[in-house]
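Below: the structure, in C-alpha cells.
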Amino acid sequence: MAKQPMLTFVTVERDMPEKRQADERRKDFNEIYAEYADAKAKEQASRCSQCGVPYCQSHCPLHNNIPDWLRLTAEGRLKEAYEISQATNTFPEICGRICPQDRLCEGNCVIEQSGHGTVTIGSVEKYITDTAWEEGWVETIAPKAERVESVGIIGAGPGGLAAADVLRRAGVQVTVYDRYDRAGGLLTYGIPGFKLEKDVVMRRIEQLEQGGVEFVMNCDIGTDLSFEEIRNKHNALLIATGVYKSRDLPGPGAGAKGIVRAIDYLTASNRLSFGDTVPEFESGELNAEGKQVIVIGGGDTAMDCVRTAIRQGAKSVKCLYRRDRENMPGSQREVQNAEEEGVVFQWLSAPKGFSGDPVSTVKVQQMRLGAPDASGRQSPEEIEGAVTDEPADLVIKALGFEPEDLPTLWNQEELEVTRWGTVKAEFTTGRTAMPGVYAVGDIVRGASLVVWAIRDGRDAAAAILDDLNAEKSVAAE
C-alpha cells in the first residue's frame, strides 16, 4: 500500500503580498494533493483482479475498457490509461463524478462481490481525465477533412453534446439549438456543483465551440424557430431535448406557495454558482436557508435537492419516500451521503395533503408494501388512519420527469411517440420514422442516466454518418 504523504505547508514570509502568500499556499497544497491523489489512484487501480469476465465493463452502458485502464494507471502509464478511457466515453471526467457506480461498474466488481470492497473505478476515471486536461493530453477537435453536410441537434444536454463531438470530429458541420442560455442541459442546471463542478462542464462546451460546433442558445423550437425550418436547413436532425416536464403532486393544498418543482430549485442554485442574479432565490422562494424543508421523492434528483438544502443552511431537511430504502430508485451511496450530512429519511411515507398558504404543514400518509405490480415491484398501500403532520416552510417536488408533448409543441403530428409520450426511435441508431430525423437520450428512454444519453448520442452519430455516407455513394453513382 502506497504511503500517504503528510499534509504540511511551507512557511511564507510575513512581508510577502497577501495575494502572493495565497498563491504560494495554493501551489503547495495542489502539489501535495496531486501526489496524494496519484498514490491513491495507483493503489486502487492495483486492486483490480483483472478477472477473466470483467463484469465492471459489461455493466457499463458505454462498455468502457475498465480493466485495461486500471492496469495502466497502476503502472503509472496515465496518458495511455486516458487514451483508452476516452476511446469509448466522450466525457469520462463527468461520468467519473456523477455516474451511480454503485449500481453499475463498482457494484458489479468481482472484488466487491467477494466482500473485500470495490475498486473505486469512478474516482480513478475522474483522476486520470483531470490529469489529462492538466497535462494537455486532451486533443482538440480538428477534423482531417471538412464535409459539406450539416446536422442540426435540438438539445445541448449530454446526448446532444456527445453526438456533436463525434460528428464534428468526422468533419460534419454541426449546429446545436437549445432553449437555455448555457449549454449542458442537466449537467449545467440540474446537477449541483458539489457533485459536478460547472467549470468541468464549461470546459467541454468550450472544446466543442473551438472545434467548430455552432451553438444557438435561447432558442425555443416551435416559438423562435420552427421544426421545419431547422429540418430544411440540415441534412439530418437529431432530437436530444431530454425530459423536463415535472410530474405533478396531487392532494389538497398542492398549489400553495412554498411548494416548488425540483428543477426550478436546482436551476436557481446552479445559476447562483455562475454569478447570475436569481430573484426567486433572493426573495426566499427558492432558498432553503433557515427553513424546514421537505423533499418528496426517492430518486437522484431528490438526493440533489436534500443535499443542496443542507448547503443552503436549512433548519431541517426531511425526505419522504413512499417505499422502503431497498426499493429506492436513487443511488444508495447518495442516500448515505445525505444521511451523514443530516438529512432525515422517512420511508414508507407519502404526502396526503398540505395546509397553509404559504405552506406550513405536510399531511403525511404512512404506507406499507403490498402485492407486487406487473414489474414485480411491491406496490405501496395506505395504512388507514395513519396520517401525521410534518411542519414545512419549503416543499420540493422531486417526483421525476415526463416528456413534453413535442408533436403539438412543434406542430409535427407525424412525429411518432409512445403511449408515455417519448419519441419512437431505434435504440441502437436513434432513427425515427421521419426521414433524416433521429432521437436520443431521455426523450426516447424516459428519465434515465447521463451515461446512457452519452451512449445514445455516440450511437446515433455513428448511424447518421453511415446514412450520410450511403446518400453520398448513391449520389455519386
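We name chains A, B, ... following the order of the C-alpha cells; residues begin at 1 in each chain, and ligands are numbered from 1 as shown.
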
Applying 9 Å and only C-alpha atoms, which residues near region 100-106 of chain A remain after dropping the ones on its own chain fewer than 5 positions away? List them as a short mmCIF file (atom, residue, chain, number, x, y, z; two decimals) with C-alpha atoms, in the first residue's frame.
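This went into out_23.cif:
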data_model
loop_
_atom_site.label_atom_id
_atom_site.label_comp_id
_atom_site.auth_asym_id
_atom_site.auth_seq_id
_atom_site.Cartn_x
_atom_site.Cartn_y
_atom_site.Cartn_z
CA TYR A 55 -18.42 -7.55 -15.06
CA CYS A 56 -17.45 -3.92 -14.47
CA GLN A 57 -17.11 -3.46 -18.23
CA SER A 58 -20.24 -5.37 -19.19
CA HIS A 59 -22.32 -3.37 -16.68
CA CYS A 60 -21.08 -0.04 -18.02
CA PRO A 61 -23.52 1.33 -20.64
CA ILE A 66 -12.08 -0.54 -17.38
CA CYS A 95 -19.11 10.14 -15.72
CA GLU A 112 -16.87 -6.09 -4.28
CA THR A 118 -14.94 -2.40 -4.62
CA VAL A 119 -12.21 -0.80 -6.65
CA THR A 120 -13.12 2.91 -6.74
CA ILE A 121 -13.43 2.96 -10.52
CA GLY A 122 -15.22 6.29 -10.75
CA GLY A 330 -31.76 6.60 -6.34
CA SER A 331 -28.14 5.77 -5.55
CA GLN A 332 -27.65 4.16 -2.13
CA ARG A 333 -24.32 5.96 -1.95
CA GLU A 334 -26.14 9.27 -2.31
CA LEU A 449 -28.78 8.24 -16.63
#

Subject >> Contacts of region 130-141 of chain A within 10 Å, only C-alpha atoms, excl. fewer than 6 positions in-chain, as a PyMOL selection string >> reply: chain A and resi 34+38+78-83+86+92-94+124+165-166+168-171+200+203+207-213

**OP:** Going by DSSP on the backbone, which bits of region 50-99 of chain A are helix (DSSP H, G or I)? Write them as a PyMOL selection string, please.
**Re:** chain A and resi 55-58+66-74+78-88+92-98

Output of the above residues as a compact mmCIF listing (two decimals), in the first residue's frame, restricted to C-alpha atoms:
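In the end it all went to part_19.txt:
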# COMPACT_ATOMS: atom_id res chain seq x y z
CA TYR A 55 -18.42 -7.55 -15.06
CA CYS A 56 -17.45 -3.92 -14.47
CA GLN A 57 -17.11 -3.46 -18.23
CA SER A 58 -20.24 -5.37 -19.19
CA ILE A 66 -12.08 -0.54 -17.38
CA PRO A 67 -9.62 -3.37 -16.58
CA ASP A 68 -7.06 -2.14 -19.11
CA TRP A 69 -7.04 1.48 -17.98
CA LEU A 70 -6.92 0.39 -14.35
CA ARG A 71 -3.85 -1.74 -15.12
CA LEU A 72 -2.16 1.15 -16.93
CA THR A 73 -2.95 3.50 -14.05
CA ALA A 74 -1.42 1.06 -11.56
CA LEU A 78 -1.66 7.61 -17.12
CA LYS A 79 -1.63 9.00 -20.65
CA GLU A 80 -2.26 5.56 -22.11
CA ALA A 81 -4.94 4.96 -19.48
CA TYR A 82 -6.66 8.18 -20.51
CA GLU A 83 -6.48 7.32 -24.20
CA ILE A 84 -8.25 4.00 -23.59
CA SER A 85 -10.81 5.64 -21.31
CA GLN A 86 -11.77 8.39 -23.76
CA ALA A 87 -11.92 5.99 -26.72
CA THR A 88 -15.39 4.88 -25.65
CA PRO A 92 -15.09 10.45 -18.82
CA GLU A 93 -14.39 13.13 -16.21
CA ILE A 94 -18.13 13.81 -15.98
CA CYS A 95 -19.11 10.14 -15.72
CA GLY A 96 -16.39 9.64 -13.10
CA ARG A 97 -18.12 12.27 -10.98
CA ILE A 98 -21.83 11.57 -11.41

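Once Pro380 (chain A) and its same-chain neighbours fewer than 6 positions away are set aside, A:Arg322, A:Arg323, A:Leu348, A:Met367, A:Arg368, A:Leu369, A:Gly370 remain within 8 Å of it when counting only C-alpha atoms.
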
Grab the residues selected above and save them as an mmCIF file, in the first residue's frame with N, CA and C atoms.
data_model
loop_
_atom_site.group_PDB
_atom_site.id
_atom_site.type_symbol
_atom_site.label_atom_id
_atom_site.label_comp_id
_atom_site.auth_asym_id
_atom_site.auth_seq_id
_atom_site.Cartn_x
_atom_site.Cartn_y
_atom_site.Cartn_z
ATOM 1 N N ARG A 322 -42.320 6.885 -0.604
ATOM 2 C CA ARG A 322 -43.472 6.010 -0.355
ATOM 3 C C ARG A 322 -43.113 4.534 -0.234
ATOM 4 N N ARG A 323 -41.902 4.149 -0.660
ATOM 5 C CA ARG A 323 -41.446 2.775 -0.481
ATOM 6 C C ARG A 323 -40.339 2.741 0.569
ATOM 7 N N LEU A 348 -41.543 4.769 3.589
ATOM 8 C CA LEU A 348 -42.950 4.368 3.579
ATOM 9 C C LEU A 348 -43.847 5.525 4.003
ATOM 10 N N MET A 367 -47.373 4.332 4.779
ATOM 11 C CA MET A 367 -47.627 3.322 3.762
ATOM 12 C C MET A 367 -47.073 1.969 4.196
ATOM 13 N N ARG A 368 -47.490 0.936 3.474
ATOM 14 C CA ARG A 368 -46.877 -0.393 3.598
ATOM 15 C C ARG A 368 -46.762 -0.962 2.189
ATOM 16 N N LEU A 369 -45.879 -1.924 2.035
ATOM 17 C CA LEU A 369 -45.690 -2.537 0.724
ATOM 18 C C LEU A 369 -46.626 -3.726 0.582
ATOM 19 N N GLY A 370 -47.410 -3.707 -0.492
ATOM 20 C CA GLY A 370 -48.378 -4.765 -0.733
ATOM 21 C C GLY A 370 -47.890 -5.756 -1.772
#

**OP:** Identify which of the residues A:Leu196, A:Val151, A:Ala256, A:Ala302 lies closest to Tyr438 (chain A), counting only C-alpha atoms when measuring atom-to-atom distances.
**Re:** A:Val151

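DSSP annotation of region 197-275 of chain A from backbone atoms: strand (DSSP E or B) residues are Glu214, Phe215, Val216, Ile221, Leu225, Ala236, Leu237, Leu238, Ile239, Lys245, Ser246, Ile259, Val260 and Arg261 of chain A.
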
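Of the residues listed (A:Asn218, A:Gln365, A:Asn469, A:Thr223), A:Gln365 shows the shortest atom-to-atom separation from Ala350 (chain A); distances use only C-alpha atoms.
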
Subject >> Distance query Pro391 (chain A) at most 7 Å, only C-alpha atoms, self and fewer than 3 positions along chain excluded, as a PyMOL selection string >> reply: chain A and resi 292+360-362

For the residues in the current selection, export all heavy atoms as a compact mmCIF listing (two decimals), in the first residue's frame.
# COMPACT_ATOMS: atom_id res chain seq x y z
N GLN A 292 -37.62 24.83 7.33
CA GLN A 292 -37.90 23.40 7.49
C GLN A 292 -38.29 22.87 6.12
O GLN A 292 -39.34 23.21 5.59
CB GLN A 292 -39.02 23.19 8.50
CG GLN A 292 -38.71 23.74 9.89
CD GLN A 292 -39.90 23.68 10.82
OE1 GLN A 292 -40.03 22.78 11.63
NE2 GLN A 292 -40.79 24.65 10.69
N SER A 360 -47.37 25.41 5.39
CA SER A 360 -46.85 25.33 6.76
C SER A 360 -46.81 23.90 7.27
O SER A 360 -46.05 23.59 8.19
CB SER A 360 -47.70 26.18 7.71
OG SER A 360 -49.05 25.73 7.71
N THR A 361 -47.61 23.02 6.65
CA THR A 361 -47.70 21.64 7.13
C THR A 361 -47.91 20.69 5.96
O THR A 361 -48.66 20.99 5.02
CB THR A 361 -48.88 21.46 8.11
OG1 THR A 361 -48.75 22.39 9.18
CG2 THR A 361 -48.91 20.05 8.68
N VAL A 362 -47.24 19.54 6.05
CA VAL A 362 -47.48 18.45 5.10
C VAL A 362 -48.17 17.33 5.85
O VAL A 362 -47.68 16.88 6.90
CB VAL A 362 -46.16 17.92 4.49
CG1 VAL A 362 -46.45 16.77 3.53
CG2 VAL A 362 -45.42 19.03 3.77

**OP:** Please provide the set of residues having any atom within 10 Å of region 408-411 of chain A, restricted to only C-alpha atoms, with same-chain residues fewer than 4 positions apart removed, written as a list of chain:residue names.
**Re:** A:Asp220, A:Ile221, A:Gly222, A:Thr223, A:Leu225, A:Ser226, A:Phe227, A:Glu228, A:Glu404, A:Leu415

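Look at Pro372 (chain A): the protein and nucleic acid residues within 12 Å of it, using only C-alpha atoms and passing over chain neighbours fewer than 6 places away, are A:Asn327, A:Gln378, A:Ser379, A:Pro380, A:Glu381.
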
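Among A:Ile443, A:Ile239, A:Val172, A:Ala288, the residue with the shortest atom-to-atom distance to Ala145 (chain A), counting only C-alpha atoms, is A:Val172.
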
Subject >> Residue with smallest distance to Phe274 (chain A) - pool A:Asn232, A:Thr90, A:Ser49, A:Thr188, counting only C-alpha atoms >> reply: A:Thr188

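Comparing the minimum interatomic distances between Gln173 (chain A) and each of A:Val395, A:Ile205, A:Val110, A:Ala236, counting only C-alpha atoms, we find that A:Ala236 sits nearest.
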
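Comparing A:Cys219, A:Ala39, A:Cys109, A:Ala374 by their smallest distance to Glu75 (chain A), the closest is A:Ala39 (using only C-alpha atoms).
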
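Proximity to Ala314 (chain A) at 7 Å, evaluated using only C-alpha atoms and with sequence-adjacent residues fewer than 4 positions away removed, yields Ala288, Glu289, Gly290, Lys291, Gln292, Val293, Ala309 and Ile310 of chain A.
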
Would you save the residues from that selection as a PDB file, in the first residue's frame, using C-alpha atoms?
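Just written: result_29.pdb:
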ATOM      1  CA  ALA A 288     -33.815  26.885   1.888  1.00  0.00           C
ATOM      2  CA  GLU A 289     -31.869  28.984   4.383  1.00  0.00           C
ATOM      3  CA  GLY A 290     -33.390  28.775   7.871  1.00  0.00           C
ATOM      4  CA  LYS A 291     -36.360  26.743   6.650  1.00  0.00           C
ATOM      5  CA  GLN A 292     -37.897  23.402   7.493  1.00  0.00           C
ATOM      6  CA  VAL A 293     -37.573  21.617   4.178  1.00  0.00           C
ATOM      7  CA  ALA A 309     -30.859  22.399   1.028  1.00  0.00           C
ATOM      8  CA  ILE A 310     -28.321  21.344   3.663  1.00  0.00           C
TER       9      ILE A 310
END

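Put simply, CA of Phe215 (chain A) is 25.4 Å away from CA of Glu402 (chain A).
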